[in-house]
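Source file start.pdb; content: PDB, C-alpha atoms.
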```
ATOM      1  CA  MET A   1     149.378 113.263  93.428
ATOM      2  CA  SER A   2     146.988 112.680  96.302
ATOM      3  CA  GLU A   3     145.896 116.334  96.304
ATOM      4  CA  GLN A   4     145.201 116.167  92.552
ATOM      5  CA  LYS A   5     143.240 112.941  93.003
ATOM      6  CA  ASP A   6     141.177 114.529  95.814
ATOM      7  CA  SER A   7     140.530 117.544  93.605
ATOM      8  CA  SER A   8     139.370 115.394  90.685
ATOM      9  CA  ILE A   9     137.106 113.373  92.980
ATOM     10  CA  TRP A  10     135.655 116.593  94.368
ATOM     11  CA  GLN A  11     135.151 117.975  90.828
ATOM     12  CA  GLY A  12     133.453 114.734  89.761
ATOM     13  CA  PHE A  13     131.188 114.801  92.797
ATOM     14  CA  LYS A  14     130.353 118.456  92.163
ATOM     15  CA  ALA A  15     129.512 117.688  88.509
ATOM     16  CA  PHE A  16     127.323 114.785  89.651
ATOM     17  CA  LEU A  17     125.390 117.007  92.051
ATOM     18  CA  MET A  18     124.871 119.704  89.445
ATOM     19  CA  ARG A  19     123.265 117.371  86.912
ATOM     20  CA  GLY A  20     119.609 118.128  86.337
ATOM     21  CA  ASN A  21     118.467 114.601  87.164
ATOM     22  CA  VAL A  22     119.956 114.647  90.653
ATOM     23  CA  VAL A  23     118.389 118.002  91.485
ATOM     24  CA  ASP A  24     115.024 116.871  90.068
ATOM     25  CA  LEU A  25     115.228 113.682  92.105
ATOM     26  CA  ALA A  26     116.007 115.612  95.288
ATOM     27  CA  VAL A  27     113.018 117.883  94.697
ATOM     28  CA  ALA A  28     110.819 114.847  94.041
ATOM     29  CA  VAL A  29     111.912 113.202  97.310
ATOM     30  CA  VAL A  30     111.185 116.353  99.332
ATOM     31  CA  ILE A  31     107.789 116.832  97.667
ATOM     32  CA  GLY A  32     107.029 113.131  98.121
ATOM     33  CA  ALA A  33     107.828 113.310 101.830
ATOM     34  CA  ALA A  34     105.551 116.325 102.262
ATOM     35  CA  PHE A  35     102.869 114.629 100.172
ATOM     36  CA  THR A  36     103.017 111.558 102.414
ATOM     37  CA  ASN A  37     101.775 113.687 105.307
ATOM     38  CA  ILE A  38      98.761 114.766 103.240
ATOM     39  CA  VAL A  39      97.932 111.175 102.293
ATOM     40  CA  ASN A  40      98.301 110.020 105.883
ATOM     41  CA  ALA A  41      95.935 112.794 107.015
ATOM     42  CA  VAL A  42      93.357 111.805 104.363
ATOM     43  CA  VAL A  43      93.532 108.164 105.402
ATOM     44  CA  LYS A  44      93.353 108.985 109.098
ATOM     45  CA  GLY A  45      90.688 111.692 108.764
ATOM     46  CA  VAL A  46      88.474 110.328 105.956
ATOM     47  CA  ILE A  47      89.139 106.672 105.125
ATOM     48  CA  ASN A  48      89.462 105.360 108.669
ATOM     49  CA  PRO A  49      86.180 106.983 109.820
ATOM     50  CA  LEU A  50      84.418 105.526 106.755
ATOM     51  CA  VAL A  51      85.788 102.097 107.629
ATOM     52  CA  GLY A  52      84.892 102.818 111.233
ATOM     53  CA  ALA A  53      81.249 103.110 110.229
ATOM     54  CA  PHE A  54      81.376  99.356 109.586
ATOM     55  CA  GLY A  55      83.803  98.378 112.311
ATOM     56  CA  THR A  56      86.660 100.088 114.081
ATOM     57  CA  GLN A  57      88.458 103.234 112.925
ATOM     58  CA  ASN A  58      91.872 101.718 113.511
ATOM     59  CA  LEU A  59      92.605  99.414 110.585
ATOM     60  CA  ASP A  60      95.580  97.979 112.469
ATOM     61  CA  SER A  61      93.204  96.267 114.884
ATOM     62  CA  TYR A  62      91.804  93.990 112.136
ATOM     63  CA  SER A  63      93.544  90.642 112.371
ATOM     64  CA  SER A  64      93.006  86.931 112.082
ATOM     65  CA  CYS A  65      94.343  84.165 114.230
ATOM     66  CA  LEU A  66      96.240  81.573 112.235
ATOM     67  CA  LYS A  67      97.217  79.396 115.151
ATOM     68  CA  GLY A  68      95.324  79.908 118.376
ATOM     69  CA  PRO A  69      94.749  80.899 120.962
ATOM     70  CA  CYS A  70      95.567  84.519 119.973
ATOM     71  CA  GLU A  71      95.581  86.492 123.173
ATOM     72  CA  GLY A  72      97.442  89.535 124.380
ATOM     73  CA  SER A  73      99.485  91.992 122.347
ATOM     74  CA  GLY A  74     103.108  92.901 121.778
ATOM     75  CA  ASP A  75     105.697  90.575 123.277
ATOM     76  CA  ALA A  76     103.095  88.939 125.532
ATOM     77  CA  ALA A  77     100.957  87.813 122.563
ATOM     78  CA  THR A  78     100.273  84.119 122.123
ATOM     79  CA  GLY A  79      99.380  82.290 118.930
ATOM     80  CA  VAL A  80     100.100  83.336 115.371
ATOM     81  CA  ARG A  81      98.228  86.489 114.434
ATOM     82  CA  ILE A  82      97.986  87.854 110.888
ATOM     83  CA  LEU A  83      97.563  91.637 110.961
ATOM     84  CA  TRP A  84      95.743  92.050 107.661
ATOM     85  CA  GLY A  85      94.286  95.382 108.760
ATOM     86  CA  SER A  86      97.676  97.095 108.655
ATOM     87  CA  VAL A  87      98.234  95.635 105.163
ATOM     88  CA  LEU A  88      94.821  96.980 104.131
ATOM     89  CA  GLY A  89      95.701 100.419 105.536
ATOM     90  CA  ALA A  90      99.033 100.505 103.726
ATOM     91  CA  THR A  91      97.329  99.363 100.504
ATOM     92  CA  LEU A  92      94.719 102.125 100.812
ATOM     93  CA  GLN A  93      97.454 104.699 101.371
ATOM     94  CA  PHE A  94      99.312 103.437  98.299
ATOM     95  CA  VAL A  95      96.193 103.476  96.109
ATOM     96  CA  ILE A  96      95.252 106.975  97.256
ATOM     97  CA  THR A  97      98.798 108.224  96.687
ATOM     98  CA  ALA A  98      98.977 106.614  93.240
ATOM     99  CA  ALA A  99      95.566 108.018  92.260
ATOM    100  CA  VAL A 100      96.422 111.543  93.351
ATOM    101  CA  VAL A 101      99.817 111.447  91.631
ATOM    102  CA  TYR A 102      98.245 110.079  88.444
ATOM    103  CA  PHE A 103      95.240 112.392  88.272
ATOM    104  CA  LEU A 104      96.920 115.572  89.531
ATOM    105  CA  MET A 105     100.403 115.198  88.044
ATOM    106  CA  VAL A 106     100.848 112.488  85.396
ATOM    107  CA  LEU A 107      97.594 112.894  83.456
ATOM    108  CA  PRO A 108      97.734 116.710  83.166
ATOM    109  CA  MET A 109     101.407 116.548  82.160
ATOM    110  CA  ALA A 110     100.655 113.906  79.506
ATOM    111  CA  LYS A 111      97.825 116.046  78.107
ATOM    112  CA  TYR A 112     100.076 119.096  78.065
ATOM    113  CA  LEU A 113     102.877 117.230  76.301
ATOM    114  CA  ALA A 114     100.401 115.809  73.763
ATOM    115  CA  ARG A 115      99.153 119.334  73.020
ATOM    116  CA  VAL A 116     102.705 120.617  72.600
ATOM    117  CA  GLU A 117     103.547 117.681  70.318
ATOM    118  CA  ALA A 118     100.379 118.266  68.242
ATOM    119  CA  ARG A 119     101.273 121.944  67.831
ATOM    120  CA  ARG A 120     104.805 121.028  66.807
ATOM    121  CA  LYS A 121     103.567 118.493  64.259
ATOM    122  CA  ALA A 122     101.011 120.947  62.892
ATOM    123  CA  LYS A 123     103.720 123.549  62.531
ATOM    124  CA  GLU A 124     106.019 121.041  60.787
ATOM    125  CA  GLY A 125     103.162 119.915  58.527
ATOM    126  CA  THR A 126     102.577 123.514  57.425
ATOM    127  CA  GLN A 127     106.258 123.961  56.685
ATOM    128  CA  GLU A 128     106.354 120.714  54.696
ATOM    129  CA  VAL A 129     103.395 121.813  52.549
ATOM    130  CA  ILE A 130     105.117 125.111  51.856
ATOM    131  CA  GLU A 131     108.369 123.324  50.985
ATOM    132  CA  VAL A 132     106.552 120.874  48.709
ATOM    133  CA  SER A 133     104.692 123.659  46.953
ATOM    134  CA  GLU A 134     107.941 125.639  46.523
ATOM    135  CA  LEU A 135     109.579 122.528  45.093
ATOM    136  CA  GLU A 136     106.717 122.069  42.675
ATOM    137  CA  VAL A 137     106.973 125.714  41.579
ATOM    138  CA  LEU A 138     110.701 125.317  41.018
ATOM    139  CA  LYS A 139     110.072 122.198  38.919
ATOM    140  CA  GLU A 140     107.541 124.101  36.811
ATOM    141  CA  ILE A 141     110.032 126.929  36.292
ATOM    142  CA  ARG A 142     112.691 124.422  35.283
ATOM    143  CA  ASP A 143     110.324 122.708  32.867
ATOM    144  CA  ALA A 144     109.344 126.068  31.361
ATOM    145  CA  LEU A 145     112.992 127.034  30.902
ATOM    146  CA  VAL A 146     113.773 123.669  29.302
ATOM    147  CA  SER A 147     110.836 123.996  26.919
ATOM    148  CA  GLN A 148     111.885 127.566  25.987
ATOM    149  CA  ARG A 149     115.435 126.452  25.391
ATOM    150  CA  GLY A 150     114.258 123.534  23.243
ATOM    151  CA  SER A 151     111.857 125.559  21.069
ATOM    152  CA  GLY A 152     113.768 128.733  20.276
ATOM    153  CA  HIS A 153     117.399 127.955  20.893
ATOM    154  CA  SER A 154     119.672 125.230  19.749
ATOM    155  CA  GLU A 155     121.680 123.273  22.218
ATOM    156  CA  ARG A 156     125.452 123.415  22.018
TER
END
```
Can I see the file as C-alpha cells?
Amino acid sequence: MSEQKDSSIWQGFKAFLMRGNVVDLAVAVVIGAAFTNIVNAVVKGVINPLVGAFGTQNLDSYSSCLKGPCEGSGDAATGVRILWGSVLGATLQFVITAAVVYFLMVLPMAKYLARVEARRKAKEGTQEVIEVSELEVLKEIRDALVSQRGSGHSER
C-alpha cells in the first residue's frame, strides 16, 4: 500500500510539474532574475550618476536623523537614522523595472492580441454575413415554392 501511495504521489507531482503554468512560471522567474541584473546596472550606471550630479552617487548615503545625535555607522551608530535614500533607490529600481516590463512586454503583447482578436472578429463577421445572405436566399426559394404550389397546384 505504501509503495502504491508513493507512486501516486510521484505521479501527481510529475503531473503538477508538467502543467504549462508551472513551466511558464519557472521561465518567468529565471528571466526576471536575469532582468534584475540589467535594471541594477542601469540604476548603478545611469540613474546614480544623474543623481550624483546633484549630490552623491550612492543613494544609500541619503538619510535623515529622527532622533539625534546621528553619528557613526553600523552597530556603532547613535541616534535614530531614517535611510530614505535606500528607499528612493529601491523605488527607482521598481519604477524602471515596471516601465521596461510594461513598454517592452505588456504593451506589445496587448497590441498583438488586439490585432489577433480584430482579425478573428472580422473573419467571423464575414462568415455571419454570408450565413445571413444564404438564409435570406433560402427563404426566398421557400417563398417562391410556396407561391408556385398555391397558384398552380391544389393542396391535399
Excluding same-chain residues fewer than 2 positions from A:Leu92, what lies within 12 Å of it counting all atoms listed in the file, as a short mmCIF file (atom, residue, chain, number, x, y, z; two decimals) with C-alpha atoms, in the coordinates of the input?
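Wrote it out as result-v2.cif, contents follow:
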```cif
data_model
loop_
_atom_site.label_atom_id
_atom_site.label_comp_id
_atom_site.auth_asym_id
_atom_site.auth_seq_id
_atom_site.Cartn_x
_atom_site.Cartn_y
_atom_site.Cartn_z
CA VAL A 39 97.93 111.18 102.29
CA ASN A 40 98.30 110.02 105.88
CA VAL A 42 93.36 111.80 104.36
CA VAL A 43 93.53 108.16 105.40
CA LYS A 44 93.35 108.98 109.10
CA VAL A 46 88.47 110.33 105.96
CA ILE A 47 89.14 106.67 105.12
CA ASN A 48 89.46 105.36 108.67
CA VAL A 51 85.79 102.10 107.63
CA LEU A 59 92.60 99.41 110.58
CA GLY A 85 94.29 95.38 108.76
CA SER A 86 97.68 97.10 108.66
CA VAL A 87 98.23 95.64 105.16
CA LEU A 88 94.82 96.98 104.13
CA GLY A 89 95.70 100.42 105.54
CA ALA A 90 99.03 100.50 103.73
CA PHE A 94 99.31 103.44 98.30
CA VAL A 95 96.19 103.48 96.11
CA ILE A 96 95.25 106.98 97.26
CA THR A 97 98.80 108.22 96.69
CA ALA A 98 98.98 106.61 93.24
CA ALA A 99 95.57 108.02 92.26
#
```
Next on the checklist: Report, in Å to a single decimal, how far apart atom CA of A:Ala33 and atom CA of A:Tyr62 are.
Outcome noted: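 Separating atom CA of A:Tyr62 from atom CA of A:Ala33 is a distance of 27.1 Å.
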Edge lengths and centre in Å to one decimal, as AutoDock Vina command-line options, of the axis-aligned box that encloses all listed atoms of stretch 139-145 of chain A with 5 Å added on every side?
```
--center_x 110.3 --center_y 124.6 --center_z 34.9 --size_x 15.5 --size_y 14.8 --size_z 18.0
```
Checklist entry - So how far away is atom CA of A:Val23 from atom CA of A:Ala118, in Å? => result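 It comes out at 29.4 Å.
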Next on the checklist: For this structure, which residues satisfy the selection - the PyMOL selection byres ((chain A and resi 82) around 9) - when it is evaluated on the file as given? I want them as a PyMOL selection string.
Outcome noted: chain A and resi 62-66+80-81+83-85
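As for atom CA of A:Gly125 and atom CA of A:Lys111, they are spaced 20.7 Å apart.
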Item to check | Nearest residue to A:Val101 from the set A:Phe16, A:Trp10, A:Phe54, A:Phe35 (distances using all atoms listed in the file) | outcome: A:Phe35
